[in-house]
Amino acid sequence: MKKLTKEDFGYDEIMWNWFLQTHTELPKGSFLILKRRDRYYWYYQLSNTQKVRLKYICSTFEGTNKEGSNSFQVCLIKLTEKYKTNFQPLTNDTTKISTLIDEYVGVILEEENSYEGRKMETTRSIRNGCNKWKEFCLMKTIVLRDVKNSKVIKKYVKDYVELCKGRGLSRGTIRTYLKHIIGFLNWVSDEDGKDLVSINPITPKFISKIYPPNRMERGGIGSRNPYYKDEFYDKMFNTCVHRVGELWNNFCKEGWSKTHNNQPLGVGSDVVYFVSLFQIHGGFRLGEVLCSYRNMEDWDKREYKKNSSSYWEKRNGVWFLYIDNYKGVSSSVPVELNIRSWVEPSNWKGKPTKLDKKGKPLYWDTPLVEVCMEMFRSSPFLFSSPNLYTKRDKHYGKSYYSNIFRIKMVSKGGGSEGWESYGVLSSHSLRDYFITHGIHNGMSIEDLSQITRHLPSTLWKYYMMYSEEHQLKRKRELDKVVVIGKRSDVMVEDKN
C-alpha cells in the first residue's frame, strides 16, 4: 500500500505562505500528517527553539468535500479555530470521553516523536490501550459528567473488565489496558493536564479490588514451572547446538541456499535454533538478541535513540552484547560459544582448531555471533528480516518470530521439538531455564543478577523455576548431618 504524503491531501506551499500573510497572528510552524490505524490526521508542528510542540488539527480526506474544498484548505480553517482556543477543545459536562481520549493520544504522539520522555514501545502501548478504551466509551456514550461521578465511572470500568474477559484477553493484556485507563484519567484530573476532574476515582487500589492478582502474578510456588530438570536444559541446549552446527556445516559446503522461498539468502524458520541458543546460553530476553545491531556503527545510526537497543562488539577476541536501557538498565554480556565445522568456513581468518598427525586440518571452531553474521544476509541487524524486498534493513518481527517458536519448538507433533513437555510455553521460558540452571549449579545469585540485569529478589520471585529434583538433593544433604541416637539416650526417668 502506497504511503501517502501531505501533498496527496492538497498541501500547497504557496497557499500556506499566502495564508500566513493574511493571518499574522498564527505562530510559525509546519504541517505534517501522521497515520493512526488506517487513517491520516493533520498536525501542526510549532517552531520553538526550546521544545517542538505537535498540535492535532483534524482528520484528512482525499479529493474535495461538497463545498469544493480539499483537505488542506479545511485544515487551514481548523488551524485558526484551534489557535483561538490555544489548541484546547472546549469542554463541558456533556463532552464525550472519546474526544478527550483523542486529545490525550495527541499528547502521547507528541512525546513519541520527540527525543525525550517514554520509549516508543511504551507510547505505542498507551495509544493502543487508550484506543480500546475509546471504543468502549463510544459504545456506552460515556461523557465527562460520568467521570465526575465516581460510582458511575467505577461501574463502567467494571463492565469494561468483564467485556475484556469475555473477549478472551489474557490477564496481562487486561491489566495493561486498565493501567492506561488510570493514566488517561490522571491526565484528565491533573492540573498539568486538563484539570477537569477534582480527583481520579480509578486508582490502583480500586483495580486490585475489582481485578485482584492471581497466585501466578503474586509469585511463589504456584507461579513456578514445576517441570524443571537439568536434563531438560541439557537436551534443549544440545538440540540447538547440533541443529545450528548442521546448518553451519551445510552452509560451509554449499554456501547460500534457496530452500526457503521467503528468505532466499538465509535459514528460514530455523532461525529459532540460533536465537534459542543465545537465550538458553546467555539468559537474554528475546528482543535483546532478535533486534540486536551487528556493530556499534549501525547502532549509533538508529532512528529512535531513546528506545531500548543492543549491539555486538568484539573485545580482546570475545564477543559482547552491549545492552542499552532495557528495563532501565544497561549492561554488557559476553558470549564465547563456538560452532564446529569440518569444512573451512568462508572468510576464515585464523588457524584451524585441530590438526591430524600429518598436519591436515580436522575442524574449525567459529564464534556463534560470527556464524550468524555469515548465515544471515547483511543488514544493520544480526538477524535480518526474511522479507528481503520490503524490509531490507529491518530485523525479524517479534510477533512473527514468536509464532514460529511456538510451532517449531513448543508444540508437540508435526515435526516440532515439543518443548512444552519441559514447561516451555514461550521464548521467555528459556531465560527462566538459564537462571534456574545457574542457581542449581552453583552460580551465585549476585553474579546472575549482574548477567541478567535483575535484582536478586526479582530472580528468586519471578524467574527461579521449581525443581523437585534439586529440592530432594538439598534435603538429602541436610539429612546427612542428622544422627539417630539410642532410645535410652532420649528417655526420661520417672522420678516417682
# chains A, B, ... in the order shown; residues from 1 in each chain; ligands from 1
>>> residues_around(residues="Leu46 of chain A", least_positions_apart="4", cutoff="12 Å", atoms="only C-alpha atoms", output="number ranges by chain")
A: 26-32, 50-56, 79, 83, 87, 110
>>> write_last_selection(atoms="C-alpha atoms", output="compact mmCIF listing (two decimals), in the first residue's frame")
# COMPACT_ATOMS: atom_id res chain seq x y z
CA LEU A 26 -0.65 32.45 13.77
CA PRO A 27 2.58 31.04 15.24
CA LYS A 28 5.21 29.83 12.82
CA GLY A 29 5.35 26.14 12.17
CA SER A 30 4.96 23.38 9.61
CA PHE A 31 2.31 20.82 8.70
CA LEU A 32 2.68 17.09 8.75
CA GLN A 50 13.23 25.29 23.28
CA LYS A 51 10.78 22.47 22.60
CA VAL A 52 8.98 21.29 19.50
CA ARG A 53 5.22 21.17 20.05
CA LEU A 54 2.97 18.96 17.95
CA LYS A 55 -0.66 20.04 17.77
CA TYR A 56 -3.53 17.95 16.46
CA LEU A 79 -5.96 25.80 12.48
CA TYR A 83 -5.35 28.77 17.76
CA PHE A 87 -5.34 24.39 20.72
CA GLU A 110 3.95 14.35 20.53
>>> atom_distance(atom1="atom CA of Phe320 of chain A", atom2="atom CA of Leu368 of chain A")
11.5 Å
>>> closest_residue(among="A:Thr122, A:Ser429, A:Ser98, A:Asn17", to="Leu76 of chain A", atoms="only C-alpha atoms")
A:Asn17
>>> residues_around(residues="Lys140 of chain A", least_positions_apart="3", cutoff="12 Å", atoms="only C-alpha atoms", output="MDAnalysis selection string")
chainID A and resid 96:98 133:137 143 146 152:153 155:157 159:160
>>> residues_around(residues="Ser269 of chain A", least_positions_apart="5", cutoff="9 Å", atoms="only C-alpha atoms", output="PyMOL selection string")
chain A and resi 260+401+404-405+408
>>> closest_residue(among="A:Met409, A:Val318, A:Leu362, A:Val424", to="Thr239 of chain A", atoms="only C-alpha atoms")
A:Met409
>>> atom_distance(atom1="atom CA of Ser170 of chain A", atom2="atom CA of Val188 of chain A")
27.4 Å
>>> residues_around(residues="Glu446 of chain A", least_positions_apart="3", cutoff="12 Å", atoms="only C-alpha atoms", output="list in words")
Ile435, Gly438, Ile439, Gly442, Met443, Ser449, Gln450, Ile451, Thr452, Arg453, His454, Leu455, Pro456, Ser457, Thr458, Leu459 and Trp460 of chain A
>>> closest_residue(among="A:Lys357, A:Lys132, A:Lys301, A:Arg285", to="Cys164 of chain A", atoms="only C-alpha atoms")
A:Lys132
>>> residues_around(residues="Met236 of chain A", least_positions_apart="6", cutoff="9 Å", atoms="only C-alpha atoms", output="compact mmCIF listing (two decimals) with C-alpha atoms, in the first residue's frame")
# COMPACT_ATOMS: atom_id res chain seq x y z
CA SER A 276 17.11 -20.00 21.30
CA LEU A 277 20.77 -20.93 21.64
CA ILE A 280 19.42 -20.58 26.83
CA GLU A 417 10.62 -30.20 19.24
CA TRP A 419 9.39 -28.35 24.48
>>> closest_residue(among="A:Val241, A:Ser150, A:Lys306, A:Thr95", to="Ile199 of chain A", atoms="only C-alpha atoms")
A:Ser150
>>> select_by_dssp(residues="segment 30-112 of chain A", states="strand (DSSP E)", output="list in words")
Ser30, Phe31, Leu32, Ile33, Leu34, Lys35, Arg36, Arg39, Tyr40, Tyr41, Trp42, Tyr43, Tyr44, Gln45, Leu46, Arg53, Leu54, Lys55, Tyr56, Ile57, Cys58 and Ser59 of chain A
>>> atom_distance(atom1="atom CA of Tyr273 of chain A", atom2="atom CA of Asn325 of chain A")
26.1 Å
>>> select_by_dssp(residues="segment 84-324 of chain A", states="helix (DSSP H, G or I)", output="PyMOL selection string")
chain A and resi 84+97-112+120-140+144-148+150-166+171-189+204-210+215-218+221-223+230-254+268-282+286-290+296-300
>>> residues_around(residues="Phe434 of chain A", least_positions_apart="5", cutoff="8 Å", atoms="only C-alpha atoms", output="list in words")
Gln279, Ile280, His281, Gly282 and Gly283 of chain A
